[in-house]
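Written out below as structure tokens is the structure these notes cover.
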Amino acid sequence: MDNLFYLEIITPEKQFYVGPAEGLVIPAIDGAYGVQPGHEPVVTAIEPGIARFQVNGVWQEVVVSDGLAEIMPDYTILLVSSAERPDEIDHARAERAKERAEERLRQHQSVREYHLSKAALARAMARLRARPK
């Protein structure tokens, strides 16, 4: 059990994954962040992107939106707005969302609208980068 830690990936709608993991890579605000059992305690922000976690020697991908990660030596909890497997993504819909966000960014808007549009674009781009197996 020394080479495992407890991982929870939670969204407002569901528990995406709950169980043991051997490793984790998350898209953090300052780049990809790797987690192994025994990691030092840290809390970090998650950016939209592709997270990977290893279970029974197999890496699994999950497209996550923004959120937070609490990392402890024996467990890690990811609290994200959304999490989905690459094969669940409707790429045509993600492409349309990307186009809408890009159009909104070209328009003059308030600071709040600008940040919302940037977040929407980041989510769409993360979804489009995911490759179904």
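We name chains A, B, ... following the order of the structure tokens; residues begin at 1 in each chain, and ligands are numbered from 1 as shown.
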Quick check for you: according to DSSP on this backbone, which residues of chain A are classed as helix (DSSP H, G or I)? Reply as an MDAnalysis selection string. chainID A and resid 86:88 91:106 111:129
All strand (DSSP E or B) residues (DSSP, backbone) inside region 10-133 of chain A, as a ChimeraX atom specification: /A:10,15-21,23-28,31-35,42-46,49-55,58-64,67-71,75-80,83-84
Env of Phe16 (chain A): 7 Å cut, atoms = only C-alpha atoms, seq-sep filter 6 positions within chain, self excluded. Answer as a PyMOL selection string. chain A and resi 9-10+83
How would the residues just chosen look if you wrote them out with all heavy atoms as a PDB file, in the first residue's frame?
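The result, stored in again.pdb:
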```pdb
ATOM      1  N   ILE A   9     -11.754  12.531  -7.421  1.00  0.00           N
ATOM      2  CA  ILE A   9     -11.995  13.576  -8.421  1.00  0.00           C
ATOM      3  C   ILE A   9     -13.484  13.868  -8.340  1.00  0.00           C
ATOM      4  O   ILE A   9     -14.311  13.019  -8.694  1.00  0.00           O
ATOM      5  CB  ILE A   9     -11.583  13.140  -9.835  1.00  0.00           C
ATOM      6  CG1 ILE A   9     -10.097  12.742  -9.857  1.00  0.00           C
ATOM      7  CG2 ILE A   9     -11.869  14.264 -10.836  1.00  0.00           C
ATOM      8  CD1 ILE A   9      -9.621  12.157 -11.174  1.00  0.00           C
ATOM      9  N   ILE A  10     -13.812  15.070  -7.861  1.00  0.00           N
ATOM     10  CA  ILE A  10     -15.203  15.399  -7.548  1.00  0.00           C
ATOM     11  C   ILE A  10     -15.649  16.625  -8.325  1.00  0.00           C
ATOM     12  O   ILE A  10     -14.927  17.619  -8.408  1.00  0.00           O
ATOM     13  CB  ILE A  10     -15.362  15.664  -6.036  1.00  0.00           C
ATOM     14  CG1 ILE A  10     -14.900  14.433  -5.246  1.00  0.00           C
ATOM     15  CG2 ILE A  10     -16.793  16.040  -5.686  1.00  0.00           C
ATOM     16  CD1 ILE A  10     -14.790  14.670  -3.766  1.00  0.00           C
ATOM     17  N   ALA A  83     -15.588  17.198 -15.080  1.00  0.00           N
ATOM     18  CA  ALA A  83     -14.618  16.160 -15.407  1.00  0.00           C
ATOM     19  C   ALA A  83     -15.301  15.191 -16.355  1.00  0.00           C
ATOM     20  O   ALA A  83     -16.437  14.771 -16.110  1.00  0.00           O
ATOM     21  CB  ALA A  83     -14.159  15.433 -14.148  1.00  0.00           C
TER      22      ALA A  83
END
```
Which neighbours of Met72 (chain A) fall inside 10 Å, counting only C-alpha atoms, when residues of the same chain fewer than 5 positions from it are skipped, and could you give them as a PDB file with N, CA and C atoms, in the first residue's frame?
```pdb
ATOM      1  N   PHE A   5      -1.909   6.004  -3.202  1.00  0.00           N
ATOM      2  CA  PHE A   5      -2.567   7.033  -2.404  1.00  0.00           C
ATOM      3  C   PHE A   5      -4.034   7.050  -2.804  1.00  0.00           C
ATOM      4  N   TYR A   6      -4.862   7.599  -1.962  1.00  0.00           N
ATOM      5  CA  TYR A   6      -6.297   7.674  -2.187  1.00  0.00           C
ATOM      6  C   TYR A   6      -6.577   8.913  -3.028  1.00  0.00           C
ATOM      7  N   VAL A  35       2.047  14.095  -8.954  1.00  0.00           N
ATOM      8  CA  VAL A  35       1.782  13.674  -7.571  1.00  0.00           C
ATOM      9  C   VAL A  35       2.088  12.184  -7.455  1.00  0.00           C
ATOM     10  N   GLN A  36       2.845  11.841  -6.426  1.00  0.00           N
ATOM     11  CA  GLN A  36       3.169  10.456  -6.101  1.00  0.00           C
ATOM     12  C   GLN A  36       2.809  10.212  -4.639  1.00  0.00           C
ATOM     13  N   PRO A  37       2.694   8.956  -4.228  1.00  0.00           N
ATOM     14  CA  PRO A  37       2.447   8.682  -2.812  1.00  0.00           C
ATOM     15  C   PRO A  37       3.538   9.319  -1.942  1.00  0.00           C
ATOM     16  N   GLY A  38       3.148   9.877  -0.809  1.00  0.00           N
ATOM     17  CA  GLY A  38       4.086  10.513   0.095  1.00  0.00           C
ATOM     18  C   GLY A  38       4.392  11.959  -0.248  1.00  0.00           C
ATOM     19  N   HIS A  39       3.633  12.526  -1.157  1.00  0.00           N
ATOM     20  CA  HIS A  39       3.859  13.913  -1.585  1.00  0.00           C
ATOM     21  C   HIS A  39       3.710  14.873  -0.408  1.00  0.00           C
ATOM     22  N   GLU A  40       4.471  15.936  -0.431  1.00  0.00           N
ATOM     23  CA  GLU A  40       4.351  16.978   0.595  1.00  0.00           C
ATOM     24  C   GLU A  40       2.976  17.637   0.499  1.00  0.00           C
ATOM     25  N   PRO A  41       2.400  18.062   1.618  1.00  0.00           N
ATOM     26  CA  PRO A  41       1.096  18.726   1.583  1.00  0.00           C
ATOM     27  C   PRO A  41       1.151  20.041   0.794  1.00  0.00           C
ATOM     28  N   VAL A  42       0.159  20.235  -0.071  1.00  0.00           N
ATOM     29  CA  VAL A  42       0.068  21.455  -0.870  1.00  0.00           C
ATOM     30  C   VAL A  42      -1.368  21.603  -1.378  1.00  0.00           C
ATOM     31  N   VAL A  43      -1.759  22.836  -1.585  1.00  0.00           N
ATOM     32  CA  VAL A  43      -3.034  23.137  -2.235  1.00  0.00           C
ATOM     33  C   VAL A  43      -2.683  23.978  -3.457  1.00  0.00           C
ATOM     34  N   ILE A  77      -7.343  15.205  -3.321  1.00  0.00           N
ATOM     35  CA  ILE A  77      -8.719  15.501  -3.701  1.00  0.00           C
ATOM     36  C   ILE A  77      -8.698  16.599  -4.749  1.00  0.00           C
TER      37      ILE A  77
END
```
Enter the distance from CA of Pro27 (chain A) to CA of Val64 (chain A), in Å, rounded to one decimal.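 These atoms are spaced 8.5 Å apart.
Using only C-alpha atoms, the shortest contact distance between Ala119 (chain A) and any of A:Val55, A:Ile71, A:Ala97, A:Val63 is found at A:Ala97.
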For Glu22 (chain A), which residue among A:Arg52, A:Arg96, A:Ala45, A:Glu61 is the nearest when counting only C-alpha atoms?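 Of A:Arg52, A:Arg96, A:Ala45, A:Glu61, the one nearest Glu22 (chain A) is A:Arg52, counting only C-alpha atoms.
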With a distance cut-off of 8 Å and only C-alpha atoms, select the neighbouring residues of Leu68 (chain A), excluding the residue or stretch itself and same-chain residues fewer than 5 positions from it, and output the selection as a list in words.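 The residues that qualify are Val43, Thr44, Ala45, Ile46, Leu78, Leu79 and Val80 of chain A.
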Could those residues be written to a file, using N, CA and C atoms, as a PDB file, in the first residue's frame?
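Saved result, again_35.pdb, follows:
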```
ATOM      1  N   VAL A  43      -1.759  22.836  -1.585  1.00  0.00           N
ATOM      2  CA  VAL A  43      -3.034  23.137  -2.235  1.00  0.00           C
ATOM      3  C   VAL A  43      -2.683  23.978  -3.457  1.00  0.00           C
ATOM      4  N   THR A  44      -3.243  23.631  -4.608  1.00  0.00           N
ATOM      5  CA  THR A  44      -2.947  24.367  -5.832  1.00  0.00           C
ATOM      6  C   THR A  44      -4.206  24.520  -6.667  1.00  0.00           C
ATOM      7  N   ALA A  45      -4.196  25.525  -7.525  1.00  0.00           N
ATOM      8  CA  ALA A  45      -5.319  25.750  -8.438  1.00  0.00           C
ATOM      9  C   ALA A  45      -5.123  24.891  -9.680  1.00  0.00           C
ATOM     10  N   ILE A  46      -6.226  24.389 -10.188  1.00  0.00           N
ATOM     11  CA  ILE A  46      -6.225  23.579 -11.406  1.00  0.00           C
ATOM     12  C   ILE A  46      -6.758  24.426 -12.541  1.00  0.00           C
ATOM     13  N   LEU A  78      -9.316  16.324  -5.905  1.00  0.00           N
ATOM     14  CA  LEU A  78      -9.492  17.328  -6.945  1.00  0.00           C
ATOM     15  C   LEU A  78     -10.944  17.773  -6.920  1.00  0.00           C
ATOM     16  N   LEU A  79     -11.175  19.049  -6.684  1.00  0.00           N
ATOM     17  CA  LEU A  79     -12.512  19.635  -6.746  1.00  0.00           C
ATOM     18  C   LEU A  79     -12.550  20.475  -8.015  1.00  0.00           C
ATOM     19  N   VAL A  80     -13.261  19.994  -9.031  1.00  0.00           N
ATOM     20  CA  VAL A  80     -13.291  20.674 -10.326  1.00  0.00           C
ATOM     21  C   VAL A  80     -14.730  20.931 -10.757  1.00  0.00           C
TER      22      VAL A  80
END
```
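Separating CA of Arg129 (chain A) from CA of Arg93 (chain A) is a distance of 13.4 Å.
Closest approach to Pro73 (chain A) from the set A:Val111, A:Gly23, A:Leu121, A:Thr11 is made by A:Gly23, with distances taken over only C-alpha atoms.
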With only C-alpha atoms as the atoms that count, which of A:Phe53, A:Trp59, A:Tyr114, A:Tyr75 lies nearest to Val25 (chain A)?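 With only C-alpha atoms as the atom set, the closest residue is A:Phe53.
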So that I can check the surroundings of Arg100 (chain A), please list as a ChimeraX atom specification every protein, DNA and RNA residue that reaches within 9 Å of it, counting only C-alpha atoms and ignoring chain neighbours fewer than 5 positions away. /A:95,105,117,120-121
Keeping N, CA, C and O atoms for every residue in the selection just given, could you write it to a file as a CSV table (one decimal), in the first residue's frame?
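Final file, out-v3.csv:
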```csv
chain,number,residue,atom,x,y,z
A,95,GLU,N,-16.0,22.5,-30.5
A,95,GLU,CA,-15.5,23.4,-31.5
A,95,GLU,C,-16.4,24.6,-31.6
A,95,GLU,O,-15.9,25.8,-31.7
A,105,LEU,N,-14.3,37.2,-27.3
A,105,LEU,CA,-13.1,37.9,-26.9
A,105,LEU,C,-12.7,39.0,-27.9
A,105,LEU,O,-12.0,40.0,-27.6
A,117,SER,N,-15.1,34.8,-20.8
A,117,SER,CA,-14.8,34.4,-22.2
A,117,SER,C,-13.5,33.6,-22.2
A,117,SER,O,-13.4,32.6,-22.9
A,120,ALA,N,-14.1,30.2,-20.8
A,120,ALA,CA,-14.8,29.3,-21.8
A,120,ALA,C,-13.9,28.8,-22.9
A,120,ALA,O,-14.0,27.7,-23.3
A,121,LEU,N,-13.0,29.7,-23.3
A,121,LEU,CA,-12.1,29.3,-24.4
A,121,LEU,C,-11.1,28.2,-23.9
A,121,LEU,O,-10.9,27.2,-24.5
```
When you draw a straight line from CA of Gln54 (chain A) to CA of Gly34 (chain A), how long is it in Å?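 That distance, rounded to one decimal, is 11.3 Å.
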